[in-house]
Amino acid sequence: MFKKNIVLLIGLYLFVTAITAQNDTVRYDVVLSGLAAKGDYAPFWMHNRQYAKVSASPQSVGLQLGAFKAFNHQNKWFDYSFGVSGLVRNNGDSTDLYFHEIYAQARVLIFDAIIGSKEEQTGVEDATLSSGGFLFSRNARPLPRVTVGMLNYQPIPFTKGYAEIRGALSQGWFRDDMEIADVLLHHKYAYFRFGGKLPVHLQYGFEHVAQWGGESQNAQIGNQPTGIKNFIDIFLGRSGGSDATLSDQINTLGNHIIGQSLRLDVQLSDYEWGMYWQIINEEPPIRKIGDTMNTPDGLWGVSLRNKNFPFVKGILYEYMNSTDQSGPFHDRDGIVYGGNDSYFLGQYPAGWSYYSRTIGTPLITSPLYNKDGKIYTTNNRVQAHHFGIEGDVYGFNYRMLATFSKNYGNTSVYLSESLLKRNTSLMFEMNKRVERLWNAELGCTLGMDKGDLFGNNYGVQLSVRKVGDLFHW
């Protein structure tokens with residue numbers, strides 16, 4: 001994989017060399033940070049939902065170096081962008097060194113193609129204050145992928161712009177090799193937006209992901225089927241053939257998750273209200289949002305943003321529940337109920353995680369917290385209240401997050417009070433751009449965890465960030 005990244009990096013270097021003649025802008029981004037905490041881990045919101053760029057270790061120092069070219073010619077039929085960033089991080093006992101992002105992207109008319117690892121967000125949740133989308137939350141590092149589709153909303157013909165659509169198809173590769181090597185990712189999505197020039201907009205999104213393929217030394221799993229025929233079965237959510245495991249022959253080939261989202265935005269003068277709802281399903285049949293077996297589960301959010309009062313630019317409240325899971329029983333006395341969904345777990349040992357971090361909501365605890373070496377989540381029955389606020393006070397940008405959760409593990413003992421672990425996680429972040437310091441941005445983050453889930457952790461992180469034009473210092 002490292003050799004493949006080197007080849008792509010050389011290609012990006014040639015791109016950089018070529019665009020100097022086009023007077024395009026390549027932006028550099030350098031971040032130096034240090035974190036110190038008291039406790040077993042860095043406080044929850046100091047390292048979660050940051051694409052795994054910050055270590056969970058209570059002491060770490062990191063350096064991120066990146067160069068990026070954005071789209072520059074929005075009105076032309078062709079444009080391209082690319083990015084590469086490397087991360088070196090010392091966690092006290094070990095040092096990590098890897099390419100965090102390395103990608104090339106092209107746009108032809110309304111269609112995009114991306115190859116490589118790139119930070120992306122597809123959901124309808126709030127970008128900066130949310131606890132994270134249910135299916136994708138920006139919690140794990142980006143997977144290498146090939147993606148094609150319409151990444152931005154485009155008007156549907158004959159609707160005069162009042163109906164729009166975006167969507168894409170993606171093939172990815174899990175490179176962490178957690179007991180099963182070379183696992184594949186299938187991801188497709190379609191989002192619709194209605195409203196056009198009206199002050200009210202409604203969005204609906206449907207996403208389908210599946211983990212499939214891979215090679216295991218475990219004889220009971222072995223080499224999972226791949227190829228065009230099996231890709232079609234994955235795409236359509238069909239059962240596997242004779243070369244699949246017995247479970248995949250009875251159910252569906254691979255580990256599938258369906259996500260659905262609704263969002264309503266209302267613009268009132270200088271204020272914008274946003275309300276959204278997300279659910280996931282891990283068991284067929286797939287039903288429309290609001291009519292599923294696990295209706296009590298989901299992520300509900302409401303936010304308020306304004307344009308003319310910078311002291312408080314946005315506030316948010318979210319409620320997240322994952323305790324129902326379509327009931328406590330998958331089957332009983334020979335009758336299949338389809339319950340006990342056990343979110344983010346399946347025949348793939350690491351479940352819906354990447355490099356020990358949950359890909360979906362981080363409130364479903366990442367495997368990195370397991371002290372017994374287990375590589376799957378041991379806490380996926382969660383109820384949480386989450387709050388966020390951000391603003392600008394005389395050039396000091398701040399953000400505050402607060403989450404209060406009840407955690408019941410993932411045992412089949414249904415919501416036993418003996419399993420309950422309460423947790424409170426708080427974070428306060430402030431950044432300030434200092435012109436006299438080469439226009440660098442200084443940052444300070446304070447965080448705290450208190451409760452039975454992660455223990456009591458207290459920490460501080462300091463950072464310096466410098467962004468600019470790579471060819472014009």
# chains A, B, ... in the order shown; residues from 1 in each chain; ligands from 1
>>> select_by_dssp(residues="segment 41-246 of chain A", states="alpha helix (DSSP H)", output="ChimeraX atom specification")
/A:44-47,228-236,246
>>> write_last_selection(atoms="C-alpha atoms", output="JSON list (two decimals), in the first residue's frame")
[["chain", "number", "residue", "atom", "x", "y", "z"],
["A", 44, "PHE", "CA", -13.49, 12.06, 24.09],
["A", 45, "TRP", "CA", -14.20, 15.15, 21.98],
["A", 46, "MET", "CA", -10.53, 16.08, 21.73],
["A", 47, "HIS", "CA", -9.81, 13.11, 19.48],
["A", 228, "ILE", "CA", -18.38, -9.36, -10.99],
["A", 229, "LYS", "CA", -21.15, -11.84, -10.15],
["A", 230, "ASN", "CA", -20.72, -11.33, -6.42],
["A", 231, "PHE", "CA", -20.43, -7.54, -6.90],
["A", 232, "ILE", "CA", -23.88, -7.62, -8.53],
["A", 233, "ASP", "CA", -25.20, -9.61, -5.54],
["A", 234, "ILE", "CA", -23.69, -7.01, -3.21],
["A", 235, "PHE", "CA", -25.12, -4.14, -5.26],
["A", 236, "LEU", "CA", -28.61, -5.65, -5.16],
["A", 246, "LEU", "CA", -23.78, -20.54, 5.22]]
>>> residues_around(residues="Ser405 of chain A", least_positions_apart="6", cutoff="7 Å", atoms="only C-alpha atoms", output="PyMOL selection string")
chain A and resi 382-385+422-424
>>> write_last_selection(atoms="N, CA, C and O atoms", output="short mmCIF file (atom, residue, chain, number, x, y, z; two decimals), in the first residue's frame")
data_model
loop_
_atom_site.label_atom_id
_atom_site.label_comp_id
_atom_site.auth_asym_id
_atom_site.auth_seq_id
_atom_site.Cartn_x
_atom_site.Cartn_y
_atom_site.Cartn_z
N VAL A 382 -26.85 2.72 23.19
CA VAL A 382 -26.52 4.04 23.76
C VAL A 382 -27.74 4.96 23.66
O VAL A 382 -28.46 4.96 22.66
N GLN A 383 -27.92 5.75 24.69
CA GLN A 383 -28.84 6.89 24.67
C GLN A 383 -28.02 8.13 25.03
O GLN A 383 -27.30 8.13 26.03
N ALA A 384 -28.12 9.18 24.21
CA ALA A 384 -27.27 10.35 24.45
C ALA A 384 -27.99 11.64 24.12
O ALA A 384 -28.78 11.71 23.17
N HIS A 385 -27.70 12.67 24.92
CA HIS A 385 -28.11 14.05 24.66
C HIS A 385 -26.83 14.83 24.36
O HIS A 385 -25.86 14.78 25.13
N ARG A 422 -22.74 5.47 32.83
CA ARG A 422 -23.01 6.86 32.45
C ARG A 422 -21.71 7.56 32.10
O ARG A 422 -20.65 7.24 32.63
N ASN A 423 -21.83 8.53 31.19
CA ASN A 423 -20.64 9.28 30.80
C ASN A 423 -21.01 10.71 30.43
O ASN A 423 -22.06 10.97 29.84
N THR A 424 -20.15 11.63 30.83
CA THR A 424 -20.25 13.04 30.43
C THR A 424 -18.95 13.44 29.75
O THR A 424 -17.87 13.20 30.28
#
>>> residues_around(residues="segment 127-139 of chain A", least_positions_apart="4", cutoff="8 Å", atoms="only C-alpha atoms", output="PyMOL selection string")
chain A and resi 48-52+119-123+259+278-280+298-299+315-316+318+357-363+386-390+399+401
>>> closest_residue(among="A:Phe206, A:Phe99, A:Tyr398, A:Tyr348", to="Asn281 of chain A", atoms="only C-alpha atoms")
A:Phe206
>>> closest_residue(among="A:Ile250, A:Tyr204, A:Gln267, A:Asp392", to="Glu164 of chain A", atoms="only C-alpha atoms")
A:Tyr204
>>> residues_around(residues="Gly149 of chain A", least_positions_apart="2", cutoff="7 Å", atoms="only C-alpha atoms", output="list in words")
Phe111, Asp112, Ala113, Thr147, Leu151, Gly167, Ala168 and Leu169 of chain A
>>> closest_residue(among="A:Gly468, A:Ala210, A:Gly459, A:Arg107", to="Ala37 of chain A", atoms="only C-alpha atoms")
A:Gly459
>>> residues_around(residues="Gly409 of chain A", least_positions_apart="2", cutoff="10 Å", atoms="only C-alpha atoms", output="list of chain:residue names")
A:Thr323, A:Ile364, A:Thr365, A:Thr377, A:Thr378, A:Asn379, A:Asn380, A:Arg381, A:Val382, A:Lys406, A:Asn407, A:Thr411, A:Ser412, A:Val413, A:Tyr414, A:Leu415, A:Ser416, A:Leu419, A:Leu420, A:Lys421, A:Leu453
>>> residues_around(residues="Gly86 of chain A", least_positions_apart="3", cutoff="10 Å", atoms="only C-alpha atoms", output="PyMOL selection string")
chain A and resi 30+63-67+97-102
>>> write_last_selection(atoms="all heavy atoms", output="short mmCIF file (atom, residue, chain, number, x, y, z; two decimals), in the first residue's frame")
data_model
loop_
_atom_site.label_atom_id
_atom_site.label_comp_id
_atom_site.auth_asym_id
_atom_site.auth_seq_id
_atom_site.Cartn_x
_atom_site.Cartn_y
_atom_site.Cartn_z
N VAL A 30 -0.17 23.45 7.29
CA VAL A 30 0.75 22.86 8.26
C VAL A 30 0.16 23.03 9.66
O VAL A 30 -0.22 24.14 10.04
CB VAL A 30 2.14 23.53 8.20
CG1 VAL A 30 3.09 22.88 9.21
CG2 VAL A 30 2.71 23.44 6.79
N LEU A 63 2.38 16.32 13.83
CA LEU A 63 2.70 17.27 12.77
C LEU A 63 1.99 16.82 11.50
O LEU A 63 2.17 15.69 11.05
CB LEU A 63 4.20 17.36 12.53
CG LEU A 63 4.64 18.24 11.35
CD1 LEU A 63 4.28 19.70 11.61
CD2 LEU A 63 6.15 18.10 11.11
N GLN A 64 1.17 17.71 10.93
CA GLN A 64 0.46 17.42 9.69
C GLN A 64 0.93 18.39 8.62
O GLN A 64 0.96 19.61 8.83
CB GLN A 64 -1.05 17.57 9.89
CG GLN A 64 -1.63 16.68 10.97
CD GLN A 64 -3.05 17.06 11.32
OE1 GLN A 64 -3.84 17.41 10.45
NE2 GLN A 64 -3.39 17.02 12.61
N LEU A 65 1.30 17.85 7.47
CA LEU A 65 1.76 18.65 6.34
C LEU A 65 0.90 18.30 5.14
O LEU A 65 0.74 17.12 4.80
CB LEU A 65 3.23 18.35 6.02
CG LEU A 65 4.24 18.58 7.15
CD1 LEU A 65 5.61 18.04 6.74
CD2 LEU A 65 4.35 20.07 7.45
N GLY A 66 0.34 19.32 4.48
CA GLY A 66 -0.52 19.03 3.34
C GLY A 66 -0.41 20.08 2.26
O GLY A 66 -0.02 21.23 2.49
N ALA A 67 -0.75 19.67 1.03
CA ALA A 67 -0.83 20.58 -0.11
C ALA A 67 -2.09 20.21 -0.90
O ALA A 67 -2.32 19.03 -1.19
CB ALA A 67 0.40 20.47 -1.00
N LEU A 97 3.29 7.16 11.25
CA LEU A 97 3.68 7.93 10.07
C LEU A 97 2.93 7.37 8.88
O LEU A 97 3.10 6.20 8.53
CB LEU A 97 5.20 7.83 9.84
CG LEU A 97 5.73 8.47 8.55
CD1 LEU A 97 5.47 9.97 8.54
CD2 LEU A 97 7.22 8.18 8.39
N TYR A 98 2.06 8.17 8.27
CA TYR A 98 1.29 7.69 7.13
C TYR A 98 0.72 8.86 6.34
O TYR A 98 0.68 9.99 6.81
CB TYR A 98 0.15 6.76 7.58
CG TYR A 98 -0.89 7.40 8.46
CD1 TYR A 98 -2.04 7.99 7.92
CD2 TYR A 98 -0.76 7.42 9.85
CE1 TYR A 98 -3.01 8.57 8.73
CE2 TYR A 98 -1.72 8.01 10.66
CZ TYR A 98 -2.83 8.57 10.09
OH TYR A 98 -3.78 9.16 10.89
N PHE A 99 0.30 8.56 5.10
CA PHE A 99 -0.43 9.53 4.30
C PHE A 99 -1.87 9.55 4.79
O PHE A 99 -2.57 8.54 4.73
CB PHE A 99 -0.39 9.16 2.82
CG PHE A 99 0.94 9.40 2.16
CD1 PHE A 99 1.69 8.33 1.70
CD2 PHE A 99 1.43 10.68 2.02
CE1 PHE A 99 2.91 8.54 1.10
CE2 PHE A 99 2.66 10.90 1.43
CZ PHE A 99 3.40 9.83 0.96
N HIS A 100 -2.32 10.70 5.23
CA HIS A 100 -3.69 10.82 5.71
C HIS A 100 -4.65 10.99 4.53
O HIS A 100 -5.67 10.30 4.42
CB HIS A 100 -3.82 12.00 6.67
CG HIS A 100 -5.21 12.22 7.16
ND1 HIS A 100 -5.83 11.37 8.05
CD2 HIS A 100 -6.13 13.19 6.87
CE1 HIS A 100 -7.05 11.80 8.30
NE2 HIS A 100 -7.26 12.89 7.60
N GLU A 101 -4.34 11.92 3.65
CA GLU A 101 -5.10 12.10 2.42
C GLU A 101 -4.13 12.05 1.24
O GLU A 101 -3.03 12.59 1.31
CB GLU A 101 -5.81 13.46 2.39
CG GLU A 101 -6.99 13.60 3.31
CD GLU A 101 -7.71 14.92 3.09
OE1 GLU A 101 -7.27 15.93 3.65
OE2 GLU A 101 -8.71 14.93 2.35
N ILE A 102 -4.55 11.39 0.19
CA ILE A 102 -3.79 11.40 -1.05
C ILE A 102 -4.77 11.04 -2.16
O ILE A 102 -5.22 9.90 -2.28
CB ILE A 102 -2.58 10.45 -0.99
CG1 ILE A 102 -1.78 10.50 -2.27
CG2 ILE A 102 -2.96 9.04 -0.59
CD1 ILE A 102 -0.40 9.85 -2.16
#
>>> closest_residue(among="A:Tyr189, A:Trp173, A:Tyr276, A:Tyr80", to="His201 of chain A", atoms="only C-alpha atoms")
A:Tyr276
>>> residues_around(residues="Val434 of chain A", least_positions_apart="2", cutoff="12 Å", atoms="only C-alpha atoms", output="list in words")
Gly395, Phe396, Asn431, Lys432, Arg436, Leu437, Trp438, Asn439, Ala440, Glu441, Leu442, Gly443, Val464, Arg465 and Lys466 of chain A
>>> write_last_selection(atoms="C-alpha atoms", output="short mmCIF file (atom, residue, chain, number, x, y, z; two decimals), in the first residue's frame")
data_model
loop_
_atom_site.label_atom_id
_atom_site.label_comp_id
_atom_site.auth_asym_id
_atom_site.auth_seq_id
_atom_site.Cartn_x
_atom_site.Cartn_y
_atom_site.Cartn_z
CA GLY A 395 -11.65 37.39 16.38
CA PHE A 396 -11.55 34.52 18.86
CA ASN A 431 -8.72 29.61 17.80
CA LYS A 432 -7.26 32.99 16.97
CA ARG A 436 2.10 39.36 13.69
CA LEU A 437 2.92 35.65 13.88
CA TRP A 438 3.11 35.18 10.09
CA ASN A 439 -0.71 35.14 10.05
CA ALA A 440 -0.71 31.76 11.80
CA GLU A 441 -3.68 30.43 13.74
CA LEU A 442 -3.17 29.57 17.40
CA GLY A 443 -5.49 27.09 19.05
CA VAL A 464 -0.29 26.20 15.62
CA ARG A 465 -1.66 26.18 12.07
CA LYS A 466 -0.33 27.99 9.00
#
>>> atom_distance(atom1="atom CA of Val54 of chain A", atom2="atom CA of Arg89 of chain A")
8.4 Å
>>> atom_distance(atom1="atom CA of Lys450 of chain A", atom2="atom CA of Glu429 of chain A")
18.2 Å
>>> atom_distance(atom1="atom CA of Ser269 of chain A", atom2="atom CA of Gln154 of chain A")
25.6 Å
>>> select_by_dssp(residues="segment 215-320 of chain A", states="strand (DSSP E or B)", output="PyMOL selection string")
chain A and resi 215-216+223+255-268+271-281+298-306+314-320
>>> closest_residue(among="A:Ser418, A:Gln211, A:Ser353, A:Ser322", to="Pro367 of chain A", atoms="only C-alpha atoms")
A:Ser353
>>> closest_residue(among="A:Thr159, A:Ser170, A:Gln347, A:Gln105", to="Lys197 of chain A", atoms="only C-alpha atoms")
A:Thr159
>>> decode(residues="segment 270-282 of chain A", atoms="all heavy atoms", output="short mmCIF file (atom, residue, chain, number, x, y, z; two decimals), in the first residue's frame")
data_model
loop_
_atom_site.label_atom_id
_atom_site.label_comp_id
_atom_site.auth_asym_id
_atom_site.auth_seq_id
_atom_site.Cartn_x
_atom_site.Cartn_y
_atom_site.Cartn_z
N ASP A 270 -32.69 36.62 8.98
CA ASP A 270 -31.26 36.30 9.14
C ASP A 270 -31.04 34.99 9.89
O ASP A 270 -29.90 34.67 10.24
CB ASP A 270 -30.55 37.43 9.88
CG ASP A 270 -30.53 38.71 9.07
OD1 ASP A 270 -30.47 38.62 7.83
OD2 ASP A 270 -30.59 39.80 9.67
N TYR A 271 -32.09 34.25 10.15
CA TYR A 271 -31.97 33.02 10.93
C TYR A 271 -32.32 31.81 10.06
O TYR A 271 -33.22 31.87 9.23
CB TYR A 271 -32.88 33.05 12.16
CG TYR A 271 -32.53 34.14 13.14
CD1 TYR A 271 -33.08 35.42 13.02
CD2 TYR A 271 -31.63 33.90 14.16
CE1 TYR A 271 -32.74 36.43 13.91
CE2 TYR A 271 -31.29 34.90 15.07
CZ TYR A 271 -31.84 36.15 14.93
OH TYR A 271 -31.50 37.15 15.82
N GLU A 272 -31.61 30.72 10.31
CA GLU A 272 -31.87 29.49 9.59
C GLU A 272 -32.04 28.34 10.58
O GLU A 272 -31.12 28.03 11.34
CB GLU A 272 -30.75 29.15 8.60
CG GLU A 272 -31.03 27.88 7.80
CD GLU A 272 -29.97 27.59 6.75
OE1 GLU A 272 -29.22 28.53 6.41
OE2 GLU A 272 -29.90 26.45 6.28
N TRP A 273 -33.23 27.75 10.56
CA TRP A 273 -33.51 26.59 11.38
C TRP A 273 -33.20 25.33 10.58
O TRP A 273 -33.58 25.22 9.41
CB TRP A 273 -34.97 26.56 11.82
CG TRP A 273 -35.33 27.56 12.87
CD1 TRP A 273 -35.83 28.82 12.67
CD2 TRP A 273 -35.21 27.39 14.29
NE1 TRP A 273 -36.03 29.45 13.87
CE2 TRP A 273 -35.66 28.59 14.89
CE3 TRP A 273 -34.78 26.35 15.10
CZ2 TRP A 273 -35.69 28.77 16.26
CZ3 TRP A 273 -34.81 26.52 16.48
CH2 TRP A 273 -35.26 27.72 17.05
N GLY A 274 -32.56 24.37 11.22
CA GLY A 274 -32.32 23.09 10.59
C GLY A 274 -32.78 21.97 11.50
O GLY A 274 -32.50 21.98 12.71
N MET A 275 -33.51 21.01 10.95
CA MET A 275 -33.98 19.85 11.72
C MET A 275 -33.70 18.59 10.89
O MET A 275 -33.99 18.57 9.69
CB MET A 275 -35.47 19.97 12.02
CG MET A 275 -35.82 21.09 12.99
SD MET A 275 -37.53 21.66 12.87
CE MET A 275 -37.40 22.75 11.45
N TYR A 276 -33.13 17.55 11.53
CA TYR A 276 -32.80 16.36 10.76
C TYR A 276 -33.01 15.09 11.58
O TYR A 276 -33.08 15.13 12.82
CB TYR A 276 -31.37 16.42 10.22
CG TYR A 276 -30.29 16.76 11.24
CD1 TYR A 276 -29.64 15.78 11.98
CD2 TYR A 276 -29.91 18.09 11.43
CE1 TYR A 276 -28.65 16.09 12.89
CE2 TYR A 276 -28.91 18.41 12.33
CZ TYR A 276 -28.28 17.42 13.06
OH TYR A 276 -27.30 17.74 13.96
N TRP A 277 -33.11 14.00 10.84
CA TRP A 277 -33.40 12.68 11.43
C TRP A 277 -32.66 11.65 10.60
O TRP A 277 -32.77 11.63 9.37
CB TRP A 277 -34.92 12.46 11.42
CG TRP A 277 -35.38 11.10 11.88
CD1 TRP A 277 -34.73 10.22 12.68
CD2 TRP A 277 -36.64 10.49 11.57
NE1 TRP A 277 -35.48 9.10 12.91
CE2 TRP A 277 -36.67 9.25 12.22
CE3 TRP A 277 -37.74 10.88 10.80
CZ2 TRP A 277 -37.76 8.37 12.13
CZ3 TRP A 277 -38.81 10.03 10.71
CH2 TRP A 277 -38.82 8.79 11.37
N GLN A 278 -31.92 10.79 11.26
CA GLN A 278 -31.17 9.73 10.57
C GLN A 278 -31.46 8.39 11.25
O GLN A 278 -31.56 8.31 12.47
CB GLN A 278 -29.66 9.99 10.62
CG GLN A 278 -29.22 11.24 9.89
CD GLN A 278 -27.71 11.42 9.95
OE1 GLN A 278 -27.01 10.76 10.70
NE2 GLN A 278 -27.20 12.33 9.14
N ILE A 279 -31.56 7.34 10.43
CA ILE A 279 -31.71 5.99 10.95
C ILE A 279 -30.79 5.05 10.17
O ILE A 279 -30.31 5.40 9.07
CB ILE A 279 -33.16 5.47 10.84
CG1 ILE A 279 -33.55 5.26 9.36
CG2 ILE A 279 -34.13 6.39 11.52
CD1 ILE A 279 -34.81 4.47 9.17
N ILE A 280 -30.53 3.86 10.72
CA ILE A 280 -29.85 2.81 9.99
C ILE A 280 -30.64 1.51 10.15
O ILE A 280 -31.40 1.35 11.11
CB ILE A 280 -28.39 2.60 10.46
CG1 ILE A 280 -28.35 2.14 11.92
CG2 ILE A 280 -27.56 3.85 10.23
CD1 ILE A 280 -26.97 1.68 12.37
N ASN A 281 -30.44 0.60 9.20
CA ASN A 281 -31.02 -0.74 9.27
C ASN A 281 -29.96 -1.76 8.87
O ASN A 281 -29.22 -1.55 7.91
CB ASN A 281 -32.21 -0.87 8.32
CG ASN A 281 -33.35 0.05 8.68
OD1 ASN A 281 -33.52 1.10 8.07
ND2 ASN A 281 -34.12 -0.32 9.69
N GLU A 282 -29.90 -2.85 9.63
CA GLU A 282 -28.96 -3.91 9.31
C GLU A 282 -29.67 -5.21 8.97
O GLU A 282 -29.01 -6.23 8.75
CB GLU A 282 -28.00 -4.13 10.49
CG GLU A 282 -27.12 -2.93 10.78
CD GLU A 282 -25.82 -3.34 11.46
OE1 GLU A 282 -25.46 -4.51 11.41
OE2 GLU A 282 -25.17 -2.45 12.02
#
